[in-house]
Structures are given as C-alpha cells and as structure tokens.
Amino acid sequence: MKIVRAVATVGGFTSLSRIFGLVREILMSHVLGAGIVADAFVVAFKFPNFFRRFFAEGAFNAAFVPFFAGKLEKEGKQPAILTAERVFSFLGACLILLVLAIEIFTPEIMHLLAPGFSTTPERLDIAVTFTRITFPYILFMSLSALLAGILNSFDRFATAAAAPILLNILMILALLAYPVINLSAGLTLVWSVFIAGIVQLVWLYWACRRIGVSLRLLVPKATQDVKHVMRKMIPGAIGAGVMQINLLIDMVLASLLTTGSISYLYYADRLNQLPLSIFGVAIGTVLLPRLSRQLRKGDIENAMESQNLALELALQLSIPSAVGLIILSFPLINLIYGHGSFNVNDVSATAPALAAFACGLPAYVTGKVFSTSFFARLDTKTPVKIAIVCIIVNLILNLILMRTLQHIGLALATSISAWLNTILLLIFLKKKELFKTSPNLIKMIGKVVLCSLLMGGVVFFIHGYFNDLTDKLYLKIVSLLFCTCFGIGFYGIFGYWLGIFKTLNFSSLRR
C-alpha cells in the first residue's frame with residue numbers, strides 16, 4: 001500500500017473522528033462549562049485515556065506491532081495469530097486485575113492524581129464516582145489496541161482508524177439525551193464512555209474476523225512470545241508516552257491552581273490534538289508496520305526512504321498547523337467553546353493555553369516519526385532514557401513557570417519538553433546511523449517555515465480586519481472559515497511555487 005494513501009486513509013477517518021469530537025467538546029463546554037463537575041469529569045476521563053494512549057496505543061503498539069508484523073512476514077499467518085491469541089489472553093487477565101485494583105483504591109489514587117481536589121470535597125467525591133465508572137474503559141481499549149495492531153499489520157487501516165468515532169457519537173448522544181433519561185449530565189457522560197469501550201472492542205473484533213483472524217481466549221500463560229512483548233512494552237510505555245506523562249503531570253499540578261485550570265488545559269489540548277492526531281498518529285500508525293516489514297527483509301534503503309518521507313510529511317503539515325493555531329487561538333476558542341456555561345473569562349484563560357500547546361505541535365508530530373524509527377527496530381530502551389530526561393525537565397519547568405503563568409506555564413513547559421524529546425531522538429538516531437537526512441531536507445524546512453510565517457501574517461491581518469466588522473455569530477463563523485481556507489490556499493499555492501512539495505520522492509511510495 002502506498003504510504004501517502006495509507007496516511008490519507010488513517011488521517012481521513014481520524015479527521016472525521018475529530019469533527020465528532022469537536023461537536024462533543026462544544027456540547028460539553030456548553031453543558032458543563034469549566035466548573036467543579038467539568039474538572040471532575042476531565043480527571044475521570046483523562047485517567048483511563050492516559051493509560052490508553054500511554055499504555056495501549058503507545059507502548060503496546062510499539063512492542064506488539066513490530067513483533068507481530070515480523071512474525072507474519074517470516075513465519076506466516078497462523079503462527080502470528082497464535083502469538084496474538086496468547087498475548088490477547090495474558091493482557092486481558094492482567095488488565096482485569098488492574099481494573100479491580102483501581103476500583104478498590106480510587107479514593108487514595110485521586111489524592112495523588114488531583115491533590116488539589118482535597119480543598120473541595122464535593123469535587124473529590126464526584127471525581128471518585130466518575131473514575132470508578134470510566135476506568136474499565138482501559139480494559140476494552142487495550143484489547144482493542146491489539147486488534148487494531150493486527151489490522152494495521154495486514155494494511156487494513158480504515159476500520160481501526162474509524163473506531164474512535166463510535167466513542168464520540170455515544171458521548172454526543174449522552175449530552176443530548178441526559179435530560180430525557182433523568183440522569184445528571186456528568187453521570188450520563190461517564191456511562192457513555194464505559195459503553196463506548198465495549199462497542200469499540202466488538203467493532204474491531206468483527207473486523208478481524210472479516211480478514212480471517214478470529215482470536216480465541218486461551219488460558220493466560222507467560223510464554224516466550226508473551227514475555228518478549230511485555231519486556232518491550234514496559235520501557236516502550238515511557239518512551240512512547242512521554243507527552244502523555246507530561247500531560248498527566250500538568251493535570252496533577254493544575255489541580256493545585258484555581259478551579260477551572262484543569263478544564264482550561266483540557267479544552268486547549270483537545271484542539272491541539274486535532275492536527276496532532278490527524279498527522280502524527282496517522283503517520284506513526286502507517287510507518288510502524290511498514291518499517292518493521294522492510295527491516296525484517298533487510299531492505300535498509302527503502303526503510304530510510306520511508307523515514308525521510310514520513311518526516312517531510314510531518315513537517316509540511318505540522319508547522320503551518322501550529323502557526324494557524326497560535327494566530328487563531330482566541331477566535332477558535334471563543335467560537336467553539338464561548339457559549340452556555342463557558343464564559344468570557346474561561347475563553348480568555350483557555351486561548352493562551354492553546355497557543356502554548358501549539359508551539360510544540362511540530363515536535364509532537366516529528367517525535368512520532370523518530371520514536372517509531374526506534375520501535376520498528378525493537379529498540380525501546382533508547383526512547384525511554386530520553387523520555388525520563390524530558391519528564392524531569394518538564395516537571396522542573398512546570399514548577400518554575402506555573403508560579404507566574406499559572407496553567408499557561410504548564411502548557412508551555414509541555415511544549416518545551418516535547419522539543420527536547422524530538423531533538424534528543426534525532427541526535428541518537430544519527431549517532432546510531434539509523435537515520436539519514438535527504439539532501440533537500442534542511443532547505444525544505446526553511447521553505448516551510450517561511451511559507452508558514454507569511455501565511456500566519458496574512459491570516460492575522462485578514463482576521464483582524466473582518467473581526468472589526470463582525471459582531472454576529474454567523475459572521476464570525478464565516479470570517480473564521482474564510483481565514484482558515486485562505487490560509488490553507490495561500491500555503492498550498494505559495495508552497496508549490498517555492499517547490500516545497502517537490503521534495504517528496506513519490507517513486508519510493510510504490511515499493
């Protein structure tokens with residue numbers, strides 16, 4: 001499968017999911033605002049999602065996909081499926097024990113996860129109740145991650161990429177239906193998360209059966225294959241999840257700030273995650289099994305070409321996206337969230353957090369490419385060493401910056417540590433001779449930065465002009481859409497004139 005087509009497939013479904021997710025966030029901000037219930041829900045929702053991104057999608061994919069893809073390439077379909085069944089059964093048993101432990105000790109964990117909640121007992125009690133309902137989501141999503149890894153190894157990207165849409169749809173329905181079912185908005189929302197986990201697992205299991213992979217539940221045993229995956233998974237959890245660890249630290253520290261700080265960071269991060277998920281996750285999802293197969297075959301030349309192509313795509317998409325989010329941070333937050341229970345002060349507090357997160361967007365996306373290059377070679381130790389350094393730096397910066405910048409300082413520290421993570425990954429890749437930059441890469445980066453800055457300046461001027469003329473909601477929507485479309489068009493045309501897109505080696509995509 002062509003890598004660009006595969007990235008477009010994953011990115012397309014991810015975009016659709018993010019559109020539904022945006023609708024979900026609009027409804028959520030309208031109903032919950034940025035108060036006690038919103039803060040409690042964010043903690044309860046982010047806790048299992050932290051494990052999902054950090055443990056299931058990050059660490060598990062980093063350990064399982066290269067191993068499964070390599071076994072599929074060398075030994076064939078049946079031995080690979082047997083390995084998947086053993087891992088599936090062992091992982092499921094471990095996760096059930098984890099869920100039971102969390103359910104029992106949720107109050108104690110909440111004091112560690114959100115220590116600031118102790119000052120508002122009502123918020124703490126709500127968070128404990130919400131977390132006990134949402135946490136089993138990690139069981140369903142971790143098993144779903146295994147099924148998605150199998151589908152991706154067979155170059156079936158669409159079904160796995162579409163699965164998150166189900167979560168967003170169910171949460172939207174919950175926010176619309178809570179008055180009818182006579183349940184509070186918060187409780188309806190957390191139960192929708194629980195149900196969505198089951199629905200996504202069934203969806204992906206059905207998709208695997210369609211390609212002839214029907215996993216059986218075996219007696220959990222720590223076989224050699226299982227031990228191999230788990231050994232790679234533990235350091236991979238930290239190496240692949242450095243950003244998630246930093247965001248978790250942000251949430252813990254934000255609980256010590258004024259009420260609403262957790263919600264401000266959450267809403268800002270959700271918008272920042274839009275391009276990150278579309279570009280970064282899509283590129284990493286496609287690149288990992290592709291690189292794994294190429295390296296198992298000893299096809300080093302094409303593996304290097306795949307890495308360079310993924311890096312060029314990441315930079316060409318993430319840099320202009322970051323500039324756009326920074327320039328339009330306030331009008332975006334105001335238009336999307338600035339209504340209902342989300343007041344003007346909430347908008348003013350969330351917009352600069354979005355700009356701070358967006359500063360690190362290119363680092364988040366390119367970091368996905370670099371870490372994937374290690375994982376495809378079954379090297380999880382190097383990323384974990386780098387990640388530990390970055391987590392320490394992030395914590396230090398958090399403690400320094402939050403004193404003056406409050407929650408904005410937490411977002412800025414996360415961006416700085418993301419750049420450090422990306423730079424160190426690149427240095428070690430080159431040191432190990434695992435990455436060779438193409439001759440035109442530096443020139444291309446310069447052109448992308450120039451084009452993005454010019455685009456940002458033009459969009460800033462145009463939006464400022466229209467903003468002075470518009471005071472009605474529909475006119476603000478039209479002006480923001482016009483600015484966005486104009487910016488994309490400007491970047492595309494000017495970038496084509498500068499020859500940015502000519503650096504892509506499309507002949508390598510057919511291999």
# chains A, B, ... in the order shown; residues from 1 in each chain; ligands from 1
>>> residues_around(residues="stretch 195-210 of chain A", least_positions_apart="3", cutoff="6 Å", atoms="only C-alpha atoms", output="list of chain:residue names")
A:Tyr137, A:Phe140, A:Ser144, A:Ala163, A:Leu167, A:Ser192, A:Val213, A:Ser214
>>> residues_around(residues="A:Asn398", least_positions_apart="4", cutoff="8 Å", atoms="only C-alpha atoms", output="list in words")
Asp250, Asn394, Met402, Gly409, Leu410 and Ala413 of chain A
>>> closest_residue(among="A:Leu147, A:Ile138, A:Ile388, A:Ala363", to="A:Ala84", atoms="only C-alpha atoms")
A:Leu147
>>> closest_residue(among="A:Cys451, A:Ala268, A:Leu215, A:Leu434", to="A:Gly499", atoms="only C-alpha atoms")
A:Cys451
>>> atom_distance(atom1="atom CA of A:Ala353", atom2="atom CA of A:Val389")
23.7 Å
>>> closest_residue(among="A:Asn246, A:Leu256, A:Leu143, A:Gly212", to="A:Cys390", atoms="only C-alpha atoms")
A:Asn246
>>> closest_residue(among="A:Ile319, A:Phe135, A:Ile333, A:Asn302", to="A:Asn345", atoms="only C-alpha atoms")
A:Ile333
>>> atom_distance(atom1="atom CA of A:Pro331", atom2="atom CA of A:Cys485")
15.0 Å
>>> closest_residue(among="A:Phe50, A:Phe194, A:Tyr267, A:Tyr491", to="A:Leu317", atoms="only C-alpha atoms")
A:Tyr491
>>> closest_residue(among="A:Thr106, A:Thr258, A:Ser371, A:Ser89", to="A:Phe435", atoms="only C-alpha atoms")
A:Ser371
>>> residues_around(residues="A:Phe90", least_positions_apart="3", cutoff="10 Å", atoms="only C-alpha atoms", output="PDB file with C-alpha atoms, in the first residue's frame")
ATOM      1  CA  ALA A  84      -1.730 -12.758  19.090  1.00  0.00           C
ATOM      2  CA  GLU A  85      -4.109 -15.113  20.944  1.00  0.00           C
ATOM      3  CA  ARG A  86      -1.570 -15.750  23.687  1.00  0.00           C
ATOM      4  CA  VAL A  87      -0.845 -12.046  24.124  1.00  0.00           C
ATOM      5  CA  ALA A  93      -6.078 -11.179  32.544  1.00  0.00           C
ATOM      6  CA  CYS A  94      -3.544  -8.546  33.665  1.00  0.00           C
ATOM      7  CA  LEU A  95      -5.904  -5.709  32.816  1.00  0.00           C
ATOM      8  CA  LEU A 217      -9.383 -16.872  24.624  1.00  0.00           C
ATOM      9  CA  LEU A 218      -6.652 -19.174  25.929  1.00  0.00           C
ATOM     10  CA  VAL A 219      -5.534 -19.936  29.456  1.00  0.00           C
ATOM     11  CA  PRO A 220      -3.228 -16.983  30.299  1.00  0.00           C
ATOM     12  CA  LYS A 221       0.386 -18.158  30.198  1.00  0.00           C
ATOM     13  CA  ALA A 222       3.633 -16.218  30.144  1.00  0.00           C
ATOM     14  CA  THR A 223       5.058 -17.912  27.041  1.00  0.00           C
ATOM     15  CA  VAL A 226       4.295 -13.049  25.629  1.00  0.00           C
ATOM     16  CA  LYS A 227       7.392 -12.341  27.723  1.00  0.00           C
ATOM     17  CA  MET A 230       5.847  -7.500  27.728  1.00  0.00           C
TER      18      MET A 230
END
>>> select_by_dssp(residues="stretch 168-226 of chain A", states="alpha helix (DSSP H)", output="PyMOL selection string")
chain A and resi 168-177+185-210+224-226
